[in-house]
>>> print(open('coords-v4.cif').read())   # mmCIF, C-alpha atoms and all ligand atoms
data_target
loop_
_atom_site.label_atom_id
_atom_site.label_comp_id
_atom_site.auth_asym_id
_atom_site.auth_seq_id
_atom_site.Cartn_x
_atom_site.Cartn_y
_atom_site.Cartn_z
CA MET A 1 0.00 0.00 0.00
CA SER A 2 1.11 3.52 -0.72
CA GLU A 3 1.90 6.34 1.66
CA GLN A 4 -1.26 8.20 0.70
CA GLN A 5 -3.76 6.79 3.13
CA VAL A 6 -6.51 9.35 3.05
CA CYS A 7 -8.86 9.61 0.15
CA SER A 8 -9.06 13.33 -0.50
CA THR A 9 -9.11 13.79 -4.26
CA PRO A 10 -12.33 15.66 -5.12
CA PHE A 11 -14.62 13.29 -7.01
CA GLU A 12 -15.52 15.90 -9.60
CA GLN A 13 -11.89 16.63 -10.49
CA GLY A 14 -10.35 14.12 -12.79
CA GLY A 15 -11.75 10.92 -11.32
CA LYS A 16 -8.37 9.80 -9.97
CA LEU A 17 -8.37 6.65 -7.89
CA CYS A 18 -7.25 6.94 -4.30
CA ARG A 19 -4.00 4.99 -4.10
CA SER A 20 -4.93 3.67 -0.70
CA CYS A 21 -8.43 2.33 -1.12
CA ARG A 22 -8.38 2.19 -4.94
CA LEU A 23 -11.81 3.79 -4.99
CA LEU A 24 -12.82 7.11 -6.40
CA PRO A 25 -13.31 9.60 -3.61
CA GLU A 26 -16.82 10.56 -2.60
CA LYS A 27 -18.73 13.57 -3.82
CA ALA A 28 -17.93 16.48 -1.56
CA ALA A 29 -21.62 16.88 -0.80
CA GLY A 30 -21.83 13.39 0.63
CA ARG A 31 -22.27 14.08 4.34
CA ASN A 32 -18.67 15.03 5.11
CA CYS A 33 -17.43 11.72 3.83
CA SER A 34 -15.41 12.91 0.87
CA ARG A 35 -12.34 11.80 2.79
CA LEU A 36 -12.43 8.15 3.55
CA VAL A 37 -9.85 7.06 6.10
CA ALA A 38 -8.50 3.57 5.52
CA ARG A 39 -5.08 3.31 7.05
CA SER A 40 -5.67 -0.04 8.77
CA LYS A 41 -5.14 -3.25 6.82
CA ALA A 42 -8.65 -4.39 7.71
CA MET A 43 -10.23 -1.30 6.17
CA GLN A 44 -7.94 -1.35 3.14
CA SER A 45 -8.79 -4.93 2.26
CA LEU A 46 -12.49 -4.16 2.73
CA LEU A 47 -12.27 -1.23 0.31
CA VAL A 48 -10.28 -3.16 -2.27
CA ARG A 49 -13.06 -5.78 -2.21
CA ALA A 50 -15.66 -3.01 -2.41
CA ALA A 51 -13.92 -1.56 -5.46
CA THR A 52 -14.20 -4.89 -7.27
CA ILE A 53 -17.88 -5.28 -6.45
CA ALA A 54 -18.72 -1.65 -7.26
CA GLY A 55 -18.60 -2.25 -11.00
CA THR A 56 -21.30 -4.94 -10.92
CA ASP A 57 -25.02 -4.52 -10.39
CA ALA A 58 -25.19 -7.12 -7.63
CA SER A 59 -26.94 -6.49 -4.31
CA ILE A 60 -24.71 -5.97 -1.31
CA VAL A 61 -25.30 -6.33 2.41
CA LEU A 62 -23.02 -4.25 4.63
CA ARG A 63 -22.65 -5.55 8.15
CA GLY A 64 -21.03 -3.72 11.01
CA GLU A 65 -21.58 -2.19 14.42
CA SER A 66 -23.42 1.08 14.78
CA GLY A 67 -21.35 4.05 13.66
CA SER A 68 -18.62 1.93 12.06
CA GLY A 69 -19.01 3.51 8.62
CA LYS A 70 -21.46 1.32 6.70
CA GLU A 71 -23.10 4.25 4.95
CA VAL A 72 -19.75 5.83 4.07
CA VAL A 73 -18.68 2.58 2.44
CA ALA A 74 -22.04 2.31 0.64
CA ARG A 75 -21.64 5.85 -0.73
CA SER A 76 -18.10 4.99 -1.91
CA ILE A 77 -19.42 1.95 -3.72
CA HIS A 78 -22.06 4.08 -5.40
CA ALA A 79 -19.47 6.73 -6.32
CA ASN A 80 -17.50 3.96 -8.04
CA SER A 81 -20.39 2.22 -9.76
CA PRO A 82 -21.63 2.77 -13.32
CA ARG A 83 -24.71 4.37 -11.70
CA ARG A 84 -22.70 7.15 -10.03
CA ALA A 85 -24.25 9.93 -12.13
CA ASN A 86 -27.66 9.03 -10.72
CA ALA A 87 -29.20 9.27 -7.27
CA PHE A 88 -28.03 7.59 -4.08
CA VAL A 89 -31.14 7.46 -1.91
CA ALA A 90 -30.90 6.31 1.71
CA ILE A 91 -33.67 5.33 4.09
CA ASN A 92 -33.60 3.94 7.62
CA CYS A 93 -36.09 1.08 7.80
CA ALA A 94 -36.14 1.20 11.61
CA ALA A 95 -37.13 4.85 11.78
CA MET A 96 -40.84 4.67 10.91
CA PRO A 97 -43.96 2.50 11.23
CA SER A 98 -44.70 -0.10 8.58
CA GLU A 99 -47.42 1.82 6.66
CA LEU A 100 -45.33 4.96 6.44
CA LEU A 101 -42.28 2.99 5.33
CA GLU A 102 -44.35 1.36 2.60
CA SER A 103 -45.53 4.68 1.17
CA GLU A 104 -42.03 6.16 1.53
CA LEU A 105 -40.57 3.31 -0.50
CA PHE A 106 -43.27 2.77 -3.07
CA GLY A 107 -45.16 6.08 -3.11
CA HIS A 108 -48.91 6.47 -2.89
CA ALA A 109 -51.90 7.51 -4.96
CA ARG A 110 -53.99 10.54 -4.12
CA GLY A 111 -56.56 9.56 -1.46
CA ALA A 112 -54.77 6.24 -0.71
CA PHE A 113 -55.15 6.95 3.01
CA THR A 114 -56.32 9.76 5.28
CA GLY A 115 -54.08 12.75 4.71
CA ALA A 116 -52.86 11.64 1.27
CA THR A 117 -54.19 14.75 -0.44
CA THR A 118 -51.81 14.45 -3.38
CA ALA A 119 -50.12 11.55 -5.12
CA ARG A 120 -46.50 11.10 -4.16
CA LYS A 121 -43.69 9.15 -5.71
CA GLY A 122 -41.68 6.81 -3.53
CA LEU A 123 -37.96 6.35 -3.06
CA PHE A 124 -37.81 3.50 -5.55
CA GLU A 125 -38.89 5.99 -8.22
CA THR A 126 -36.50 8.66 -6.95
CA ALA A 127 -33.65 6.16 -7.08
CA ASP A 128 -34.49 5.00 -10.63
CA LYS A 129 -31.21 4.25 -12.50
CA GLY A 130 -29.39 4.87 -9.24
CA MET A 131 -28.94 3.22 -5.85
CA LEU A 132 -31.35 2.66 -2.97
CA PHE A 133 -29.65 2.20 0.39
CA LEU A 134 -31.84 0.40 2.91
CA ASP A 135 -30.35 0.98 6.35
CA GLU A 136 -31.31 -1.32 9.26
CA ILE A 137 -32.88 -3.78 6.81
CA ALA A 138 -33.35 -6.40 9.56
CA GLU A 139 -36.00 -4.11 11.08
CA MET A 140 -38.21 -4.18 7.98
CA PRO A 141 -41.63 -5.70 8.79
CA LEU A 142 -42.29 -9.12 7.19
CA SER A 143 -45.28 -7.82 5.21
CA LEU A 144 -43.07 -5.24 3.51
CA GLN A 145 -40.28 -7.73 2.95
CA ALA A 146 -42.60 -9.61 0.58
CA LYS A 147 -43.29 -6.44 -1.38
CA LEU A 148 -39.60 -5.58 -1.52
CA LEU A 149 -38.78 -9.03 -2.86
CA ARG A 150 -41.36 -8.63 -5.63
CA ALA A 151 -39.91 -5.23 -6.53
CA LEU A 152 -36.39 -6.67 -6.70
CA GLN A 153 -37.31 -9.78 -8.62
CA ASP A 154 -39.60 -8.23 -11.21
CA GLY A 155 -38.26 -4.67 -11.20
CA GLU A 156 -41.88 -3.61 -10.81
CA ILE A 157 -43.42 -1.47 -8.12
CA ARG A 158 -46.92 -0.35 -7.31
CA ARG A 159 -47.80 2.81 -5.43
CA VAL A 160 -50.02 2.32 -2.37
CA GLY A 161 -53.63 2.67 -3.52
CA GLU A 162 -52.79 2.21 -7.22
CA SER A 163 -53.38 -0.90 -9.27
CA ASN A 164 -51.02 -0.32 -12.19
CA PRO A 165 -47.44 -1.39 -11.59
CA PHE A 166 -44.53 0.27 -13.37
CA THR A 167 -40.93 -0.68 -13.86
CA VAL A 168 -37.91 0.80 -12.11
CA ASP A 169 -34.21 0.11 -12.48
CA VAL A 170 -32.68 0.33 -9.02
CA ARG A 171 -29.60 -1.24 -7.45
CA VAL A 172 -30.21 -2.04 -3.80
CA MET A 173 -27.67 -2.01 -1.02
CA CYS A 174 -28.58 -2.85 2.57
CA ALA A 175 -26.97 -2.35 5.92
CA THR A 176 -27.52 -3.94 9.29
CA HIS A 177 -25.78 -4.27 12.63
CA GLN A 178 -27.62 -7.56 13.16
CA ASN A 179 -26.83 -11.07 12.00
CA LEU A 180 -29.33 -11.50 9.15
CA GLN A 181 -28.78 -15.24 8.97
CA LEU A 182 -29.87 -15.52 12.59
CA ALA A 183 -32.89 -13.33 11.83
CA VAL A 184 -33.77 -15.82 9.05
CA GLN A 185 -33.42 -18.74 11.48
CA HIS A 186 -35.73 -16.97 13.93
CA LYS A 187 -38.24 -16.33 11.12
CA ARG A 188 -37.92 -12.57 11.51
CA PHE A 189 -36.47 -12.22 8.02
CA ARG A 190 -37.57 -13.95 4.82
CA GLU A 191 -35.04 -16.46 3.60
CA ASP A 192 -35.78 -15.79 -0.10
CA LEU A 193 -35.21 -12.06 0.39
CA TYR A 194 -32.02 -12.76 2.35
CA PHE A 195 -30.54 -14.72 -0.54
CA ARG A 196 -31.73 -12.12 -3.05
CA LEU A 197 -30.03 -9.33 -1.10
CA LYS A 198 -26.78 -10.87 0.06
CA VAL A 199 -25.10 -11.63 -3.22
CA PHE A 200 -22.10 -9.98 -1.57
CA THR A 201 -21.59 -9.31 2.12
CA LEU A 202 -19.07 -6.74 3.33
CA VAL A 203 -18.23 -6.50 7.01
CA VAL A 204 -17.07 -3.10 8.27
CA PRO A 205 -14.79 -3.80 11.25
CA PRO A 206 -15.38 -1.98 14.54
CA LEU A 207 -13.02 0.93 15.25
CA ARG A 208 -11.36 -0.89 18.18
CA GLU A 209 -10.00 -3.38 15.65
CA ARG A 210 -8.62 -0.60 13.44
CA LEU A 211 -6.20 1.10 15.77
CA GLU A 212 -4.31 2.72 12.90
CA ASP A 213 -7.45 4.55 11.76
CA ILE A 214 -8.15 6.30 15.06
CA MET A 215 -5.74 9.24 14.88
CA PRO A 216 -6.10 9.94 11.13
CA LEU A 217 -9.88 10.01 11.64
CA ALA A 218 -9.53 12.26 14.69
CA GLU A 219 -7.30 14.66 12.72
CA ILE A 220 -9.82 14.86 9.88
CA PHE A 221 -12.70 15.51 12.26
CA LEU A 222 -10.63 18.19 13.97
CA GLN A 223 -9.99 19.93 10.62
CA GLN A 224 -13.74 19.99 10.02
CA GLU A 225 -14.38 21.90 13.26
CA PRO A 226 -14.87 25.65 12.94
CA HIS A 227 -12.81 26.28 16.11
CA ARG A 228 -9.16 27.25 16.02
CA THR A 229 -8.09 24.13 17.88
CA GLN A 230 -5.34 22.49 15.89
CA ARG A 231 -4.04 19.42 17.65
CA PHE A 232 -4.34 16.92 20.49
CA THR A 233 -1.94 16.85 23.41
CA PRO A 234 0.02 13.56 23.60
CA LYS A 235 -2.08 12.56 26.64
CA ALA A 236 -5.36 13.22 24.84
CA ALA A 237 -4.13 11.32 21.77
CA ALA A 238 -3.17 8.40 24.02
CA ARG A 239 -6.70 8.36 25.49
CA LEU A 240 -8.22 8.35 22.02
CA ARG A 241 -6.02 5.43 21.03
CA HIS A 242 -6.76 3.36 24.13
CA TYR A 243 -10.53 3.82 24.35
CA ARG A 244 -12.72 0.94 23.08
CA TRP A 245 -15.12 3.12 21.04
CA PRO A 246 -18.39 1.19 21.44
CA GLY A 247 -20.05 3.85 19.24
CA ASN A 248 -17.23 3.52 16.68
CA VAL A 249 -16.35 6.33 14.25
CA ARG A 250 -19.46 8.36 15.06
CA GLU A 251 -18.51 8.37 18.75
CA LEU A 252 -14.98 9.46 17.86
CA GLN A 253 -16.39 12.27 15.70
CA ASN A 254 -18.52 13.46 18.63
CA ALA A 255 -15.60 13.20 21.06
CA VAL A 256 -13.49 15.43 18.80
CA LYS A 257 -16.34 17.94 18.54
CA HIS A 258 -16.70 17.88 22.33
CA GLY A 259 -12.96 18.50 22.70
CA ALA A 260 -12.91 21.30 20.13
CA VAL A 261 -15.80 23.10 21.85
CA LEU A 262 -14.33 22.84 25.35
CA SER A 263 -10.77 23.70 24.43
CA LEU A 264 -10.20 27.40 24.48
CA GLY A 265 -6.68 27.21 23.12
CA GLU A 266 -4.95 25.48 20.23
CA GLU A 267 -4.81 22.03 21.82
CA ILE A 268 -7.36 19.46 22.94
CA ASP A 269 -6.29 17.97 26.26
CA VAL A 270 -7.70 14.99 28.19
CA ALA A 271 -9.93 17.24 30.30
CA HIS A 272 -11.72 18.42 27.13
CA LEU A 273 -12.71 14.90 26.06
CA PRO A 274 -16.08 13.31 27.03
CA GLU A 275 -15.98 11.67 30.45
CA GLU A 276 -16.87 8.18 29.13
CA LEU A 277 -13.31 8.02 27.92
CA PHE A 278 -12.33 7.70 31.56
CA ALA A 279 -15.24 5.61 32.79
CA GLU A 280 -14.17 2.33 31.18
CA PRO A 281 -13.11 -0.53 33.45
CA GLY A 282 -9.39 -0.16 34.00
CA ALA A 283 -9.26 3.32 32.46
CA GLN A 284 -7.00 5.91 33.98
CA PRO A 285 -8.09 8.72 36.29
CA GLU A 286 -8.62 12.06 34.59
CA GLY A 287 -5.45 13.69 33.38
CA ALA A 288 -3.41 10.53 33.73
CA GLU A 289 -1.53 9.00 30.84
CA PRO A 290 -2.13 5.30 30.13
CA PRO A 291 0.68 3.31 31.71
CA PRO A 292 3.60 2.35 29.46
CA ARG A 293 3.70 -1.21 28.08
CA GLY A 294 6.09 -2.27 30.83
CA ARG A 295 3.57 -1.34 33.52
CA ILE A 296 0.36 -3.08 32.45
CA THR A 297 -1.18 -6.40 33.47
CA LEU A 298 -0.47 -9.57 31.55
CA ALA A 299 -4.14 -9.69 30.44
CA ALA A 300 -4.00 -6.10 29.11
CA ALA A 301 -0.72 -6.81 27.29
CA GLU A 302 -2.19 -9.97 25.77
CA ARG A 303 -5.28 -8.04 24.60
CA LEU A 304 -3.15 -5.30 23.04
CA HIS A 305 -0.83 -7.79 21.36
CA ILE A 306 -3.72 -9.81 19.90
CA LEU A 307 -5.26 -6.59 18.60
CA GLU A 308 -2.01 -5.54 16.94
CA VAL A 309 -1.46 -8.94 15.33
CA MET A 310 -5.08 -9.11 14.10
CA GLU A 311 -4.59 -5.62 12.68
CA SER A 312 -1.37 -6.55 10.88
CA CYS A 313 -3.10 -9.64 9.42
CA GLY A 314 -5.99 -7.59 8.08
CA GLY A 315 -8.44 -9.31 10.44
CA HIS A 316 -7.66 -12.85 9.14
CA GLN A 317 -7.92 -15.14 12.13
CA THR A 318 -6.06 -18.07 10.53
CA GLN A 319 -3.05 -15.89 9.69
CA ALA A 320 -3.15 -14.19 13.09
CA ALA A 321 -3.22 -17.56 14.85
CA GLN A 322 -0.12 -18.61 12.85
CA VAL A 323 1.74 -15.41 13.80
CA LEU A 324 0.79 -15.85 17.44
CA GLY A 325 1.77 -19.52 17.39
CA VAL A 326 -1.61 -20.73 18.69
CA GLY A 327 -4.42 -22.74 17.17
CA ARG A 328 -7.47 -21.04 15.63
CA THR A 329 -9.72 -22.27 18.46
CA THR A 330 -7.38 -20.79 21.06
CA LEU A 331 -7.34 -17.47 19.22
CA TRP A 332 -11.13 -17.52 18.90
CA ARG A 333 -11.45 -18.20 22.66
CA LYS A 334 -9.04 -15.37 23.48
CA LEU A 335 -10.80 -12.93 21.14
CA LYS A 336 -14.04 -13.73 22.96
CA GLN A 337 -12.42 -13.50 26.39
CA HIS A 338 -11.00 -10.05 25.60
CA GLY A 339 -14.23 -8.79 24.01
CA LEU A 340 -12.60 -8.60 20.55
CA ASP A 341 -15.05 -10.87 18.77
CA GLY A 342 -17.64 -8.19 17.97
N1 LIG B 1 -13.57 5.53 7.20
C1 LIG B 1 -14.13 6.72 7.45
N2 LIG B 1 -13.53 7.86 7.04
C2 LIG B 1 -14.08 9.06 7.30
N3 LIG B 1 -15.24 9.23 7.96
C3 LIG B 1 -15.89 8.14 8.39
C4 LIG B 1 -15.37 6.82 8.16
N4 LIG B 1 -16.21 5.93 8.69
C5 LIG B 1 -17.22 6.64 9.24
N5 LIG B 1 -17.04 7.97 9.06
C6 LIG B 1 -17.92 9.05 9.55
O1 LIG B 1 -18.50 8.56 10.78
C7 LIG B 1 -19.90 8.81 10.84
C8 LIG B 1 -20.66 7.49 10.96
O2 LIG B 1 -20.53 6.75 9.75
P1 LIG B 1 -21.78 6.02 9.04
O3 LIG B 1 -23.00 6.84 9.12
O4 LIG B 1 -21.33 5.56 7.69
O5 LIG B 1 -21.90 4.76 10.03
P2 LIG B 1 -22.98 3.58 10.04
O6 LIG B 1 -22.24 2.30 10.22
O7 LIG B 1 -23.85 3.69 8.82
O8 LIG B 1 -23.81 3.94 11.35
P3 LIG B 1 -25.27 3.41 11.83
O9 LIG B 1 -25.09 1.96 12.16
O10 LIG B 1 -25.56 4.22 13.03
O11 LIG B 1 -26.22 3.65 10.70
C9 LIG B 1 -20.24 9.59 9.58
O12 LIG B 1 -20.26 10.98 9.89
C10 LIG B 1 -19.11 9.28 8.63
O13 LIG B 1 -18.88 10.34 7.73
MG MG B 2 -25.98 4.10 8.81
#
>>> encode(input="coords-v4.cif", output="structure tokens")
Amino acid sequence: MSEQQVCSTPFEQGGKLCRSCRLLPEKAAGRNCSRLVARSKAMQSLLVRAATIAGTDASIVLRGESGSGKEVVARSIHANSPRRANAFVAINCAAMPSELLESELFGHARGAFTGATTARKGLFETADKGMLFLDEIAEMPLSLQAKLLRALQDGEIRRVGESNPFTVDVRVMCATHQNLQLAVQHKRFREDLYFRLKVFTLVVPPLRERLEDIMPLAEIFLQQEPHRTQRFTPKAAARLRHYRWPGNVRELQNAVKHGAVLSLGEEIDVAHLPEELFAEPGAQPEGAEPPPRGRITLAAAERLHILEVMESCGGHQTQAAQVLGVGRTTLWRKLKQHGLDG
């Protein structure tokens, strides 16, 4: 991989591939995600895979914890797909009741229900020739799943309250923080729809498994702040690196904002960071630097070492087990024991 790790070439200018992720950068308008950080091996291999898939019209399911960057990756895939000149339309399937979601997706006829004073087109129509991103797909009610499957299989949709179907040409990408296969087993998700959607599955790793991404992300978020704060003190940077980030990149973004608002000078110090960064089990008291490697428990050193090896092996457990000189089962047990199996 090259030295250039941050994707910052404006999409509109020249269409040059980022040397790091081999994807075209995002449109600047795309929710502050024109700069995609992928310094960790895990993220780089994910993006290289995404670049290959982007050129096809296949459906993709993006899995990953909340805030890990699923939508950013989805937008990158769209920006690199033959459909990039057309719309990328995103909707959160968990954010509204079933009936509303149905009319959002498929549109409705005038008078279809109380309050429908005019006809309205749905997101499938808006996304025609482009991409429809269905976030939190596991939360979609079963009744709607059947309608979605029909739309995907036949390319035909029908507005609520209308009898005539019409054709649309939409590529669908989905995201979930849940295990869809498990949802199928528990009959919460239709198996036929699952297989229709998951032609490719991409897993966005949690931030705690991408240690190398933390500071480059923090620097980018800091640059986006309107305040004159320019850098992190070494102690603050150490806290950022050692925190487990349960809310992933979004939590890091908010922590940087918090720090930039509270810091009155040019530097963000530990005291300016959100207090959760000190409330973790084993975390240091406020203002204290994490202890050096030579002063931590064996368990903490083991956890750190496993994380670093996993990182250097791009998240491949078999390779990591070889480097560590243990069997795959032992590594799996240790990942679980240290809470690194998320
Ligand atoms: N690799 C990255 N480089 C730059 N910014 C990122 C990266 N990953 C995530 N972000 C930023 O972090 C925030 C959260 O990312 P995003 O919305 O893609 O996460 P998500 O996995 O879709 O979250 P949720 O599960 O809550 O829907 C966004 O503001 C996004 O721009
Ligand atoms: Mg999202």
>>> atom_distance(input="coords-v4.cif", atom1="atom CA of A:Ala218", atom2="atom CA of A:Glu65")
18.8 Å
>>> residues_near_ligand(input="coords-v4.cif", ligand="ligand LIG 1 (chain B)", cutoff="10 Å", atoms="only C-alpha atoms and all ligand atoms", output="count of residues only")
56
>>> residues_around(input="coords-v4.cif", residues="A:Cys313", least_positions_apart="4", cutoff="10 Å", atoms="all atoms listed in the file", output="list in words")
Ser40, Lys41, Ala42, Leu307, Glu308, Val309, Gln317, Thr318, Gln319, Ala320, Ala321 and Val323 of chain A
>>> residues_around(input="coords-v4.cif", residues="stretch 107-111 of chain A", least_positions_apart="5", cutoff="6 Å", atoms="only C-alpha atoms", output="NGL selection string")
:A and (116-122 or 159-162)
>>> atom_distance(input="coords-v4.cif", atom1="atom CA of A:Arg210", atom2="atom CA of A:Ala238")
14.9 Å
>>> atom_distance(input="coords-v4.cif", atom1="atom CA of A:Leu277", atom2="atom CA of A:Leu264")
19.9 Å
>>> closest_residue(input="coords-v4.cif", among="A:Met173, A:Ser45, A:Val184, A:Leu304", to="ligand MG 2 (chain B)", atoms="all atoms listed in the file")
A:Met173
>>> closest_residue(input="coords-v4.cif", among="A:Leu273, A:Cys93, A:Ile306, A:Leu262", to="ligand MG 2 (chain B)", atoms="all atoms listed in the file")
A:Cys93
>>> residues_around(input="coords-v4.cif", residues="A:Thr167", least_positions_apart="6", cutoff="7 Å", atoms="all atoms listed in the file", output="ChimeraX atom specification")
/A:155-157
>>> closest_residue(input="coords-v4.cif", among="A:Leu222, A:Ala58, A:His227, A:Arg328", to="A:Leu152", atoms="only C-alpha atoms")
A:Ala58
>>> closest_residue(input="coords-v4.cif", among="A:Glu99, A:Glu311, A:Glu212, A:Gly339", to="A:Pro246", atoms="only C-alpha atoms")
A:Gly339
